[in-house]
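Visitor: What follows is target_24.txt; its format and atoms are compact mmCIF, C-alpha atoms and all ligand atoms.
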```
# COMPACT_ATOMS: atom_id res chain seq x y z
CA MET A 1 22.47 25.44 -1.78
CA PRO A 2 18.86 24.37 -1.24
CA ARG A 3 18.09 22.00 1.61
CA PRO A 4 19.25 18.54 0.56
CA ILE A 5 15.86 16.94 0.15
CA GLN A 6 14.31 15.77 -3.08
CA ALA A 7 11.33 13.83 -4.34
CA THR A 8 11.57 12.01 -7.65
CA ILE A 9 8.74 10.78 -9.86
CA HIS A 10 9.58 7.68 -11.89
CA THR A 11 7.75 7.82 -15.19
CA GLN A 12 8.75 4.32 -16.26
CA ALA A 13 7.38 2.90 -13.02
CA LEU A 14 4.07 4.63 -13.72
CA ALA A 15 3.97 3.13 -17.20
CA HIS A 16 4.91 -0.28 -15.81
CA ASN A 17 2.23 -0.15 -13.10
CA LEU A 18 -0.39 0.93 -15.62
CA ASN A 19 0.49 -2.19 -17.59
CA VAL A 20 0.16 -4.35 -14.48
CA ALA A 21 -3.40 -3.03 -14.14
CA ARG A 22 -4.01 -3.67 -17.82
CA ARG A 23 -2.81 -7.26 -17.56
CA HIS A 24 -5.35 -7.88 -14.80
CA ALA A 25 -8.17 -6.43 -16.88
CA PRO A 26 -7.14 -7.24 -20.44
CA ASP A 27 -10.58 -6.63 -21.94
CA ALA A 28 -11.21 -3.30 -20.23
CA ARG A 29 -10.12 0.20 -21.07
CA VAL A 30 -8.17 1.87 -18.29
CA TRP A 31 -8.82 5.20 -16.68
CA ALA A 32 -5.65 6.40 -14.99
CA VAL A 33 -7.02 8.10 -11.89
CA VAL A 34 -5.10 11.36 -11.49
CA LYS A 35 -7.20 13.17 -8.89
CA ALA A 36 -5.47 15.07 -6.10
CA ASN A 37 -2.77 16.24 -8.49
CA ALA A 38 -2.06 12.63 -9.50
CA TYR A 39 -1.90 11.44 -5.89
CA GLY A 40 0.65 14.13 -5.10
CA HIS A 41 2.89 13.28 -8.06
CA GLY A 42 1.91 16.31 -10.13
CA ILE A 43 -0.38 15.83 -13.12
CA GLU A 44 2.16 17.01 -15.66
CA ARG A 45 4.84 14.69 -14.27
CA ALA A 46 2.48 11.72 -14.01
CA PHE A 47 1.17 12.32 -17.51
CA ALA A 48 4.62 11.61 -18.90
CA GLY A 49 4.34 8.05 -17.57
CA LEU A 50 0.62 7.53 -18.05
CA ARG A 51 0.00 8.66 -21.60
CA GLY A 52 -0.65 5.02 -22.48
CA ALA A 53 -3.91 5.13 -20.51
CA ASP A 54 -7.24 5.15 -22.33
CA GLY A 55 -8.44 8.11 -20.33
CA PHE A 56 -7.82 10.26 -17.27
CA ALA A 57 -10.22 10.38 -14.34
CA LEU A 58 -10.16 13.20 -11.80
CA LEU A 59 -12.39 15.51 -9.81
CA ASP A 60 -11.19 19.04 -10.23
CA LEU A 61 -12.07 21.11 -13.28
CA ALA A 62 -8.78 22.97 -13.10
CA GLU A 63 -6.99 19.61 -13.23
CA ALA A 64 -9.09 18.60 -16.24
CA GLN A 65 -7.98 21.79 -17.92
CA ARG A 66 -4.35 20.90 -17.18
CA VAL A 67 -4.78 17.48 -18.79
CA ARG A 68 -6.17 19.16 -21.92
CA ASP A 69 -3.34 21.68 -21.84
CA LEU A 70 -0.92 18.76 -22.03
CA GLY A 71 -2.41 17.95 -25.40
CA TRP A 72 -4.53 14.97 -24.29
CA ARG A 73 -7.47 14.66 -26.66
CA GLY A 74 -8.82 11.36 -25.36
CA PRO A 75 -11.45 10.83 -22.66
CA VAL A 76 -11.37 12.79 -19.41
CA LEU A 77 -13.90 11.86 -16.72
CA LEU A 78 -15.00 14.00 -13.78
CA LEU A 79 -15.47 11.42 -11.01
CA GLU A 80 -17.82 13.61 -8.95
CA GLY A 81 -19.41 15.31 -11.94
CA VAL A 82 -20.16 19.01 -11.99
CA PHE A 83 -20.64 21.16 -8.91
CA GLU A 84 -22.55 24.02 -10.49
CA GLN A 85 -24.36 24.87 -13.69
CA ARG A 86 -21.56 26.73 -15.40
CA ASP A 87 -19.21 23.75 -14.99
CA LEU A 88 -21.22 22.18 -17.81
CA GLU A 89 -20.00 24.90 -20.15
CA LEU A 90 -16.44 23.86 -19.38
CA CYS A 91 -17.46 20.24 -20.00
CA SER A 92 -18.70 21.26 -23.42
CA ARG A 93 -15.66 23.38 -24.15
CA LEU A 94 -13.09 20.81 -22.99
CA ASP A 95 -15.12 17.76 -24.05
CA LEU A 96 -15.23 16.26 -20.56
CA TRP A 97 -17.26 13.22 -19.65
CA HIS A 98 -18.88 13.56 -16.27
CA THR A 99 -20.44 11.54 -13.53
CA VAL A 100 -24.08 12.09 -12.62
CA HIS A 101 -24.72 11.06 -9.05
CA CYS A 102 -27.72 13.15 -7.97
CA GLU A 103 -30.95 14.75 -9.24
CA GLN A 104 -29.51 18.27 -9.09
CA GLN A 105 -26.92 17.32 -11.70
CA ILE A 106 -29.71 16.09 -13.99
CA ASP A 107 -31.57 19.39 -13.42
CA MET A 108 -28.45 21.30 -14.45
CA LEU A 109 -28.07 19.21 -17.59
CA ALA A 110 -31.72 19.75 -18.50
CA THR A 111 -31.17 23.51 -18.68
CA HIS A 112 -27.69 23.39 -20.23
CA LYS A 113 -27.53 25.00 -23.67
CA THR A 114 -25.41 22.93 -26.00
CA ASN A 115 -25.53 21.56 -29.51
CA VAL A 116 -23.18 18.72 -28.66
CA PRO A 117 -24.68 16.14 -26.31
CA GLN A 118 -22.45 15.05 -23.42
CA ARG A 119 -21.26 11.60 -22.41
CA VAL A 120 -22.19 10.82 -18.81
CA PHE A 121 -21.46 8.10 -16.27
CA LEU A 122 -24.52 7.49 -14.12
CA LYS A 123 -23.41 6.53 -10.64
CA MET A 124 -25.13 3.99 -8.45
CA ASN A 125 -24.86 3.87 -4.69
CA SER A 126 -24.56 0.11 -4.41
CA GLY A 127 -23.71 0.14 -0.72
CA MET A 128 -20.91 2.58 0.02
CA ASN A 129 -23.39 5.37 0.75
CA ARG A 130 -21.22 8.16 -0.51
CA LEU A 131 -22.29 9.24 -3.99
CA GLY A 132 -24.90 7.85 -6.35
CA PHE A 133 -28.53 6.90 -6.86
CA ARG A 134 -29.89 4.05 -4.80
CA PRO A 135 -30.73 0.97 -6.85
CA ALA A 136 -34.47 1.68 -6.55
CA GLN A 137 -34.05 5.19 -7.98
CA TYR A 138 -31.43 4.29 -10.56
CA ARG A 139 -33.73 3.35 -13.39
CA SER A 140 -35.83 6.50 -13.16
CA ALA A 141 -32.64 8.60 -13.12
CA TRP A 142 -31.48 6.77 -16.23
CA THR A 143 -34.86 7.30 -17.94
CA ARG A 144 -34.78 11.01 -17.14
CA LEU A 145 -31.22 11.38 -18.45
CA ASN A 146 -31.94 9.30 -21.52
CA ALA A 147 -34.74 11.67 -22.52
CA LEU A 148 -32.50 14.76 -22.46
CA PRO A 149 -31.20 16.09 -25.77
CA GLN A 150 -28.13 17.32 -23.85
CA VAL A 151 -27.11 13.74 -23.08
CA ASP A 152 -25.30 11.39 -25.40
CA GLU A 153 -24.25 7.90 -24.27
CA ILE A 154 -24.98 6.91 -20.68
CA SER A 155 -22.54 4.56 -18.94
CA HIS A 156 -23.04 2.82 -15.61
CA MET A 157 -20.73 3.16 -12.68
CA THR A 158 -20.38 2.23 -9.03
CA HIS A 159 -17.61 2.22 -6.44
CA PHE A 160 -16.67 -0.56 -4.01
CA SER A 161 -16.23 -0.03 -0.29
CA ASP A 162 -14.44 -3.31 0.47
CA ALA A 163 -12.54 -4.42 -2.60
CA ASP A 164 -9.33 -4.47 -0.51
CA GLY A 165 -10.68 -6.62 2.32
CA PRO A 166 -12.45 -9.84 3.24
CA ALA A 167 -15.97 -8.55 2.54
CA GLY A 168 -15.04 -8.23 -1.14
CA ILE A 169 -17.23 -6.95 -3.95
CA GLU A 170 -19.79 -9.69 -4.50
CA ARG A 171 -22.67 -8.06 -2.65
CA GLN A 172 -22.27 -4.67 -4.32
CA MET A 173 -21.66 -6.33 -7.67
CA ALA A 174 -24.94 -8.25 -7.37
CA VAL A 175 -26.84 -5.07 -6.53
CA PHE A 176 -25.27 -3.26 -9.48
CA GLU A 177 -25.87 -6.05 -11.96
CA THR A 178 -29.48 -6.53 -10.95
CA ALA A 179 -30.28 -2.85 -11.30
CA THR A 180 -28.51 -2.36 -14.63
CA GLN A 181 -28.92 -5.70 -16.36
CA ASP A 182 -31.21 -4.69 -19.21
CA LEU A 183 -29.93 -1.13 -19.62
CA PRO A 184 -27.66 -0.35 -22.56
CA GLY A 185 -24.30 1.30 -21.97
CA GLU A 186 -20.77 0.62 -20.80
CA ARG A 187 -19.89 -0.35 -17.23
CA SER A 188 -17.17 0.88 -14.89
CA VAL A 189 -16.82 -0.55 -11.43
CA SER A 190 -13.27 -1.46 -10.41
CA ASN A 191 -10.72 0.54 -8.43
CA SER A 192 -7.16 -0.76 -7.93
CA ALA A 193 -8.08 -3.33 -5.30
CA ALA A 194 -10.89 -4.75 -7.42
CA VAL A 195 -8.66 -4.87 -10.51
CA LEU A 196 -5.91 -6.77 -8.71
CA ARG A 197 -7.88 -8.95 -6.30
CA HIS A 198 -11.07 -9.60 -8.22
CA ALA A 199 -9.83 -9.89 -11.77
CA GLY A 200 -12.55 -11.41 -13.90
CA VAL A 201 -15.28 -11.18 -11.28
CA PRO A 202 -16.90 -8.00 -12.61
CA ALA A 203 -17.47 -9.65 -15.95
CA ALA A 204 -19.20 -6.66 -17.50
CA SER A 205 -16.58 -4.01 -16.85
CA ASP A 206 -15.71 -1.96 -19.89
CA TRP A 207 -13.63 0.59 -18.00
CA VAL A 208 -11.49 0.06 -14.89
CA ARG A 209 -10.35 2.91 -12.64
CA PRO A 210 -7.02 2.10 -10.97
CA GLY A 211 -5.42 4.82 -8.90
CA ILE A 212 -3.15 3.76 -6.07
CA ALA A 213 -1.76 0.70 -7.87
CA VAL A 214 -0.59 2.90 -10.72
CA TYR A 215 1.43 4.81 -8.13
CA GLY A 216 3.14 1.63 -6.97
CA SER A 217 1.33 0.94 -3.71
CA ALA A 218 -0.47 -2.29 -2.85
CA PRO A 219 -4.16 -1.47 -2.30
CA ASP A 220 -4.41 -4.38 0.13
CA HIS A 221 -1.23 -3.91 2.15
CA PRO A 222 -0.25 -5.64 4.45
CA GLU A 223 -2.07 -8.71 3.16
CA HIS A 224 -0.07 -8.26 -0.03
CA THR A 225 2.91 -6.07 -0.80
CA ALA A 226 3.55 -3.95 -3.86
CA ALA A 227 6.29 -6.44 -4.77
CA HIS A 228 3.73 -9.27 -4.63
CA TRP A 229 1.67 -7.47 -7.26
CA GLY A 230 4.75 -6.58 -9.31
CA LEU A 231 4.26 -2.85 -8.72
CA GLN A 232 7.18 -0.44 -8.72
CA PRO A 233 7.47 2.72 -6.64
CA SER A 234 6.60 5.82 -8.64
CA MET A 235 7.63 8.33 -5.97
CA THR A 236 10.93 8.44 -4.11
CA LEU A 237 11.58 10.76 -1.18
CA GLN A 238 15.23 11.23 -0.30
CA ALA A 239 17.25 13.57 1.93
CA LYS A 240 20.83 13.79 3.11
CA VAL A 241 22.48 13.32 6.44
CA ILE A 242 23.48 16.84 7.48
CA ALA A 243 25.07 16.01 10.86
CA VAL A 244 26.34 13.01 12.80
CA GLN A 245 26.15 12.56 16.56
CA ALA A 246 28.14 10.06 18.61
CA LEU A 247 26.03 8.88 21.52
CA GLN A 248 27.08 7.27 24.77
CA ALA A 249 24.86 4.87 26.67
CA GLY A 250 22.18 6.98 28.37
CA ASP A 251 22.18 9.76 25.74
CA SER A 252 18.84 10.56 24.15
CA VAL A 253 17.73 11.73 20.70
CA GLY A 254 15.32 14.51 19.78
CA TYR A 255 12.29 16.14 21.41
CA GLY A 256 10.94 14.44 24.47
CA SER A 257 14.07 12.27 24.70
CA SER A 258 11.87 9.41 23.55
CA PHE A 259 14.83 7.33 22.39
CA VAL A 260 17.63 6.61 24.83
CA ALA A 261 20.78 4.76 23.72
CA ASP A 262 21.70 1.70 25.79
CA GLN A 263 25.15 1.51 24.19
CA PRO A 264 27.44 3.76 22.15
CA MET A 265 25.75 4.64 18.84
CA ARG A 266 26.22 6.76 15.72
CA VAL A 267 23.22 8.81 14.72
CA GLY A 268 22.66 10.61 11.42
CA VAL A 269 20.52 13.74 11.38
CA VAL A 270 18.54 13.88 8.12
CA ALA A 271 17.12 16.97 6.37
CA CYS A 272 13.55 15.71 6.31
CA GLY A 273 10.78 16.35 8.80
CA TYR A 274 7.04 16.50 9.10
CA ALA A 275 6.96 19.84 7.30
CA ASP A 276 8.17 17.90 4.26
CA GLY A 277 5.36 15.37 4.53
CA TYR A 278 7.11 12.67 6.52
CA PRO A 279 4.64 11.62 9.24
CA ARG A 280 5.52 12.88 12.69
CA ILE A 281 3.83 9.87 14.22
CA CYS A 282 6.32 7.37 12.75
CA PRO A 283 7.89 5.66 15.75
CA THR A 284 11.52 4.79 16.50
CA GLY A 285 12.34 1.87 14.27
CA THR A 286 10.54 3.04 11.15
CA PRO A 287 12.65 1.65 8.31
CA VAL A 288 14.75 3.85 6.01
CA LEU A 289 17.52 3.13 3.52
CA VAL A 290 20.89 4.78 4.18
CA ASP A 291 22.93 4.74 0.98
CA GLY A 292 20.59 1.94 -0.08
CA VAL A 293 21.04 -0.15 3.11
CA ARG A 294 18.18 -0.71 5.50
CA SER A 295 18.30 1.07 8.83
CA ARG A 296 15.76 2.76 11.11
CA THR A 297 14.66 6.07 12.52
CA LEU A 298 15.45 7.03 16.12
CA GLY A 299 13.38 9.29 18.36
CA ARG A 300 10.75 11.80 17.33
CA VAL A 301 10.41 13.24 13.88
CA SER A 302 10.70 17.01 14.12
CA MET A 303 9.60 19.73 11.68
CA ASP A 304 12.73 19.83 9.55
CA MET A 305 14.79 16.85 10.67
CA LEU A 306 14.69 13.26 11.77
CA SER A 307 17.39 10.94 13.05
CA VAL A 308 18.54 7.58 11.78
CA ASP A 309 20.73 4.84 13.17
CA LEU A 310 24.19 4.65 11.56
CA THR A 311 25.71 2.35 14.20
CA GLN A 312 25.91 -0.65 11.86
CA LEU A 313 26.89 1.48 8.85
CA PRO A 314 30.48 2.64 9.37
CA ASP A 315 30.75 3.99 5.81
CA ALA A 316 27.70 6.21 6.21
CA GLY A 317 28.01 9.76 7.50
CA GLN A 318 27.48 13.37 6.60
CA GLY A 319 26.30 13.54 3.00
CA SER A 320 24.86 10.01 2.94
CA THR A 321 21.57 9.73 1.09
CA VAL A 322 18.60 8.52 3.08
CA THR A 323 15.63 7.10 1.20
CA LEU A 324 12.48 7.66 3.25
CA TRP A 325 10.40 5.82 0.67
CA GLY A 326 10.87 4.69 -2.90
CA ARG A 327 13.95 3.53 -4.74
CA ALA A 328 17.58 4.02 -3.71
CA HIS A 329 20.44 4.38 -6.20
CA ASN A 330 21.36 0.71 -5.76
CA GLY A 331 17.84 -0.41 -6.65
CA ALA A 332 16.80 -1.24 -3.07
CA VAL A 333 13.21 -0.24 -2.33
CA GLN A 334 11.78 1.23 0.84
CA SER A 335 8.08 0.46 0.67
CA ILE A 336 5.89 3.52 1.19
CA ASP A 337 3.18 1.12 2.38
CA GLU A 338 5.41 -0.01 5.24
CA VAL A 339 6.05 3.57 6.37
CA ALA A 340 2.35 4.42 6.04
CA ALA A 341 1.36 1.41 8.13
CA LEU A 342 3.69 2.49 10.94
CA ALA A 343 2.06 5.94 10.74
CA GLY A 344 -1.38 4.34 11.04
CA THR A 345 -2.37 5.44 7.56
CA LEU A 346 -2.12 4.53 3.89
CA ALA A 347 0.32 5.35 1.13
CA TYR A 348 -2.47 7.45 -0.44
CA GLU A 349 -2.18 9.97 2.38
CA LEU A 350 1.63 10.09 2.36
CA MET A 351 1.80 10.67 -1.39
CA CYS A 352 -0.86 13.36 -1.29
CA ALA A 353 0.80 15.04 1.70
CA LEU A 354 4.21 15.52 0.11
CA ALA A 355 4.83 19.14 1.08
CA PRO A 356 5.06 21.92 -1.50
CA ARG A 357 8.49 22.90 -0.15
CA VAL A 358 10.01 19.63 -1.35
CA PRO A 359 11.55 20.00 -4.82
CA VAL A 360 10.28 17.35 -7.20
CA GLY A 361 12.21 15.94 -10.11
CA VAL A 362 11.39 13.44 -12.79
CA SER A 363 13.41 10.43 -13.83
CA GLU A 364 12.66 7.60 -16.20
C1 LIG A 401 -10.16 7.48 -6.23
C2 LIG A 401 -11.12 6.68 -7.02
C3 LIG A 401 -10.69 5.53 -7.71
C4 LIG A 401 -9.29 4.98 -7.58
O1 LIG A 401 -9.17 4.31 -6.35
P1 LIG A 401 -7.82 3.53 -5.96
O2 LIG A 401 -8.15 2.88 -4.69
O3 LIG A 401 -6.78 4.58 -5.79
O4 LIG A 401 -7.52 2.61 -7.06
C5 LIG A 401 -11.61 4.89 -8.50
N1 LIG A 401 -12.89 5.32 -8.60
C6 LIG A 401 -13.33 6.41 -7.95
C7 LIG A 401 -14.75 6.83 -8.10
C8 LIG A 401 -12.47 7.12 -7.13
O5 LIG A 401 -12.91 8.20 -6.49
```
The structure given in the file should be rewritten as structure tokens.
Ligand SMILES: *Cc1c(COP(=O)(O)O)cnc(C)c1O
Guide:
Amino acid sequence: MPRPIQATIHTQALAHNLNVARRHAPDARVWAVVKANAYGHGIERAFAGLRGADGFALLDLAEAQRVRDLGWRGPVLLLEGVFEQRDLELCSRLDLWHTVHCEQQIDMLATHKTNVPQRVFLKMNSGMNRLGFRPAQYRSAWTRLNALPQVDEISHMTHFSDADGPAGIERQMAVFETATQDLPGERSVSNSAAVLRHAGVPAASDWVRPGIAVYGSAPDHPEHTAAHWGLQPSMTLQAKVIAVQALQAGDSVGYGSSFVADQPMRVGVVACGYADGYPRICPTGTPVLVDGVRSRTLGRVSMDMLSVDLTQLPDAGQGSTVTLWGRAHNGAVQSIDEVAALAGTLAYELMCALAPRVPVGVSE
């Protein structure tokens, strides 16, 4: 028997969350962002829930190929554009739209041999200082692109640094609007946080680009929870209790004896550790669901196991199912955002770090 650990991808939750994004941006078309193997969900699995999207946005050419292999004929956007000249041939062959964020990418396009002009998204650095042309250089980049026979429609795009926090998007939005106002073409500006928190503010947004919200995590946790936004978990991580220990007062649990019982306790040892993608840094007290009932971890997370408190759960024992995040059989939800926060990180990182050794299934 394989180790009793399992991740499950919920395709109906993905479809539901995509619709939540749509409801917040009813006039926009929606890119489902599926970079990083669909935030760790697996592109093929995620596709089953996200085929209602208007397009798929990602970074990796091999992932773009996989989306085409699934039979998707609609738009596919490379969010970082091409990395070398020959990538443009794949763009032509697979009909990929691509971001243009630097002069070198325009140079590559200018020498690309194609009869079919390509659709590009010209990226502005409106303040994040990662990718894109500065506002002062944006117009000349657009003029250069617009003169190329290799280029079809040019859309305008930027990315927000603070859509999830108090600084908001107004400053970047003003920069973007000023620099693009009389240029033709569609606009794409909003990630999940902007879609949910700033609905209606980016008036001229033809395409939105939600990622994390589609995967059921609140982009602005802990200010808001996934439940607040009506998002459902799309990934569940579960494992079984494989041993039970009866502790006396003074007994400790795990490496470093970091947890010491101050009374008699029952402890369940669970077949999930940091080598499965559960963060080692999660402290004693990190919430879990045992057979759908909330409990907590005890002591240090080790490579293949962690321990949970069964003291208040007399019916739980060997074979009980522990939900580390996601949905339990009784419908109870363990928020991945809550676990991530206790690990000092975000649900993005936990989803992407689900280890290859964990078997992944799909449910509706
Ligand atoms: C990852 C990414 C997104 C999606 O961001 P979320 O915070 O997951 O919604 C949108 N746009 C770009 C350019 C990205 O790289």
Visitor: Enumerate, as a VMD selection string, the protein, DNA and RNA residues whose atoms approach (26.9, -0.4, 15.7) to within 10 Å, taking into account only C-alpha atoms and the coordinate frame of the file.
Guide: chain A and resid 263 to 267 309 to 314
Visitor: Report, in Å to a single decimal, how far apart atom O3 of ligand LIG 401 (chain A) and CA of Ser190 in chain A are.
Guide: 10.0 Å
Visitor: Could you report the residues within 9 Å of ligand LIG 401 (chain A), using all atoms listed in the file, as a PyMOL selection string?
Guide: chain A and resi 31-36+39+57-59+79-80+131+157-160+163-164+188-195+208-215+219+348
Visitor: Restricting the calculation to all atoms listed in the file: of A:Arg119, A:Thr99, A:Ala347, A:Arg23, which residue gets closest to Phe133 in chain A?
Guide: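 Using all atoms listed in the file, the shortest distance to Phe133 in chain A belongs to A:Thr99.
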Visitor: Using all atoms listed in the file, find each residue in range 2-99 of chain A having at least one atom no more than 12 Å away from range 242-254 of chain A; report its shortest atom-to-atom pair and that distance in Å (one decimal), rows by chain then rising number, as a tab-separated table.
Guide:
```
residue	atom	partner	partner_atom	distance
A:Arg3	CA	A:Ile242	CA	9.5
A:Pro4	CA	A:Ile242	CA	8.3
A:Ile5	CA	A:Ile242	CA	10.6
```
Visitor: Need to verify the contact set: Asp291 in chain A, 6 Å, only C-alpha atoms, exclusion of same-chain residues closer than 2 positions in sequence. Can you return it as a ChimeraX atom specification?
Guide: /A:293,320-321
Visitor: Find the spatial neighbours of Ala48 in chain A, counting all atoms listed in the file, within a cut-off of 12 Å - ignore same-chain residues fewer than 6 positions away - and output them as an mmCIF file with C-alpha atoms, in the coordinates of the input.
Guide:
```cif
data_model
loop_
_atom_site.group_PDB
_atom_site.id
_atom_site.type_symbol
_atom_site.label_atom_id
_atom_site.label_comp_id
_atom_site.auth_asym_id
_atom_site.auth_seq_id
_atom_site.Cartn_x
_atom_site.Cartn_y
_atom_site.Cartn_z
ATOM 1 C CA ILE A 9 8.740 10.780 -9.860
ATOM 2 C CA HIS A 10 9.580 7.680 -11.890
ATOM 3 C CA THR A 11 7.750 7.820 -15.190
ATOM 4 C CA GLN A 12 8.750 4.320 -16.260
ATOM 5 C CA ALA A 13 7.380 2.900 -13.020
ATOM 6 C CA LEU A 14 4.070 4.630 -13.720
ATOM 7 C CA ALA A 15 3.970 3.130 -17.200
ATOM 8 C CA ALA A 38 -2.060 12.630 -9.500
ATOM 9 C CA HIS A 41 2.890 13.280 -8.060
ATOM 10 C CA GLY A 42 1.910 16.310 -10.130
ATOM 11 C CA VAL A 67 -4.780 17.480 -18.790
ATOM 12 C CA LEU A 70 -0.920 18.760 -22.030
ATOM 13 C CA GLY A 71 -2.410 17.950 -25.400
ATOM 14 C CA TRP A 72 -4.530 14.970 -24.290
ATOM 15 C CA SER A 234 6.600 5.820 -8.640
ATOM 16 C CA VAL A 362 11.390 13.440 -12.790
ATOM 17 C CA SER A 363 13.410 10.430 -13.830
ATOM 18 C CA GLU A 364 12.660 7.600 -16.200
#
```
Visitor: Since fewer atoms than expected are present, regenerate all heavy atoms for range 236-243 of chain A and write them as a compact mmCIF listing (two decimals), in the coordinates of the input.
Guide:
```
# COMPACT_ATOMS: atom_id res chain seq x y z
N THR A 236 9.86 8.62 -5.08
CA THR A 236 10.93 8.44 -4.11
C THR A 236 11.10 9.73 -3.33
O THR A 236 11.06 10.82 -3.91
CB THR A 236 12.25 8.08 -4.83
OG1 THR A 236 12.11 6.77 -5.38
CG2 THR A 236 13.44 8.09 -3.87
N LEU A 237 11.26 9.60 -2.02
CA LEU A 237 11.58 10.76 -1.18
C LEU A 237 12.93 10.52 -0.53
O LEU A 237 13.10 9.51 0.18
CB LEU A 237 10.50 10.97 -0.12
CG LEU A 237 10.76 12.14 0.86
CD1 LEU A 237 10.81 13.47 0.13
CD2 LEU A 237 9.70 12.17 1.96
N GLN A 238 13.88 11.39 -0.82
CA GLN A 238 15.23 11.23 -0.30
C GLN A 238 15.72 12.53 0.32
O GLN A 238 15.34 13.62 -0.11
CB GLN A 238 16.20 10.85 -1.44
CG GLN A 238 16.00 9.44 -1.92
CD GLN A 238 16.93 9.08 -3.07
OE1 GLN A 238 17.22 9.92 -3.92
NE2 GLN A 238 17.37 7.84 -3.11
N ALA A 239 16.61 12.39 1.33
CA ALA A 239 17.25 13.57 1.93
C ALA A 239 18.63 13.13 2.41
O ALA A 239 18.92 11.94 2.50
CB ALA A 239 16.42 14.09 3.09
N LYS A 240 19.46 14.12 2.71
CA LYS A 240 20.83 13.79 3.11
C LYS A 240 21.03 13.90 4.60
O LYS A 240 20.32 14.66 5.29
CB LYS A 240 21.81 14.71 2.37
CG LYS A 240 21.74 14.45 0.89
CD LYS A 240 23.06 14.62 0.20
CE LYS A 240 22.93 13.84 -1.08
NZ LYS A 240 23.84 13.93 -2.07
N VAL A 241 22.02 13.17 5.06
CA VAL A 241 22.48 13.32 6.44
C VAL A 241 23.26 14.63 6.51
O VAL A 241 24.21 14.84 5.76
CB VAL A 241 23.39 12.14 6.84
CG1 VAL A 241 24.02 12.38 8.21
CG2 VAL A 241 22.59 10.83 6.83
N ILE A 242 22.82 15.53 7.39
CA ILE A 242 23.48 16.84 7.48
C ILE A 242 24.31 16.98 8.76
O ILE A 242 25.03 17.96 8.93
CB ILE A 242 22.47 18.01 7.38
CG1 ILE A 242 21.39 17.91 8.46
CG2 ILE A 242 21.84 18.06 6.00
CD1 ILE A 242 20.50 19.15 8.54
N ALA A 243 24.23 16.00 9.66
CA ALA A 243 25.07 16.01 10.86
C ALA A 243 25.13 14.59 11.42
O ALA A 243 24.25 13.78 11.16
CB ALA A 243 24.49 16.96 11.91
```
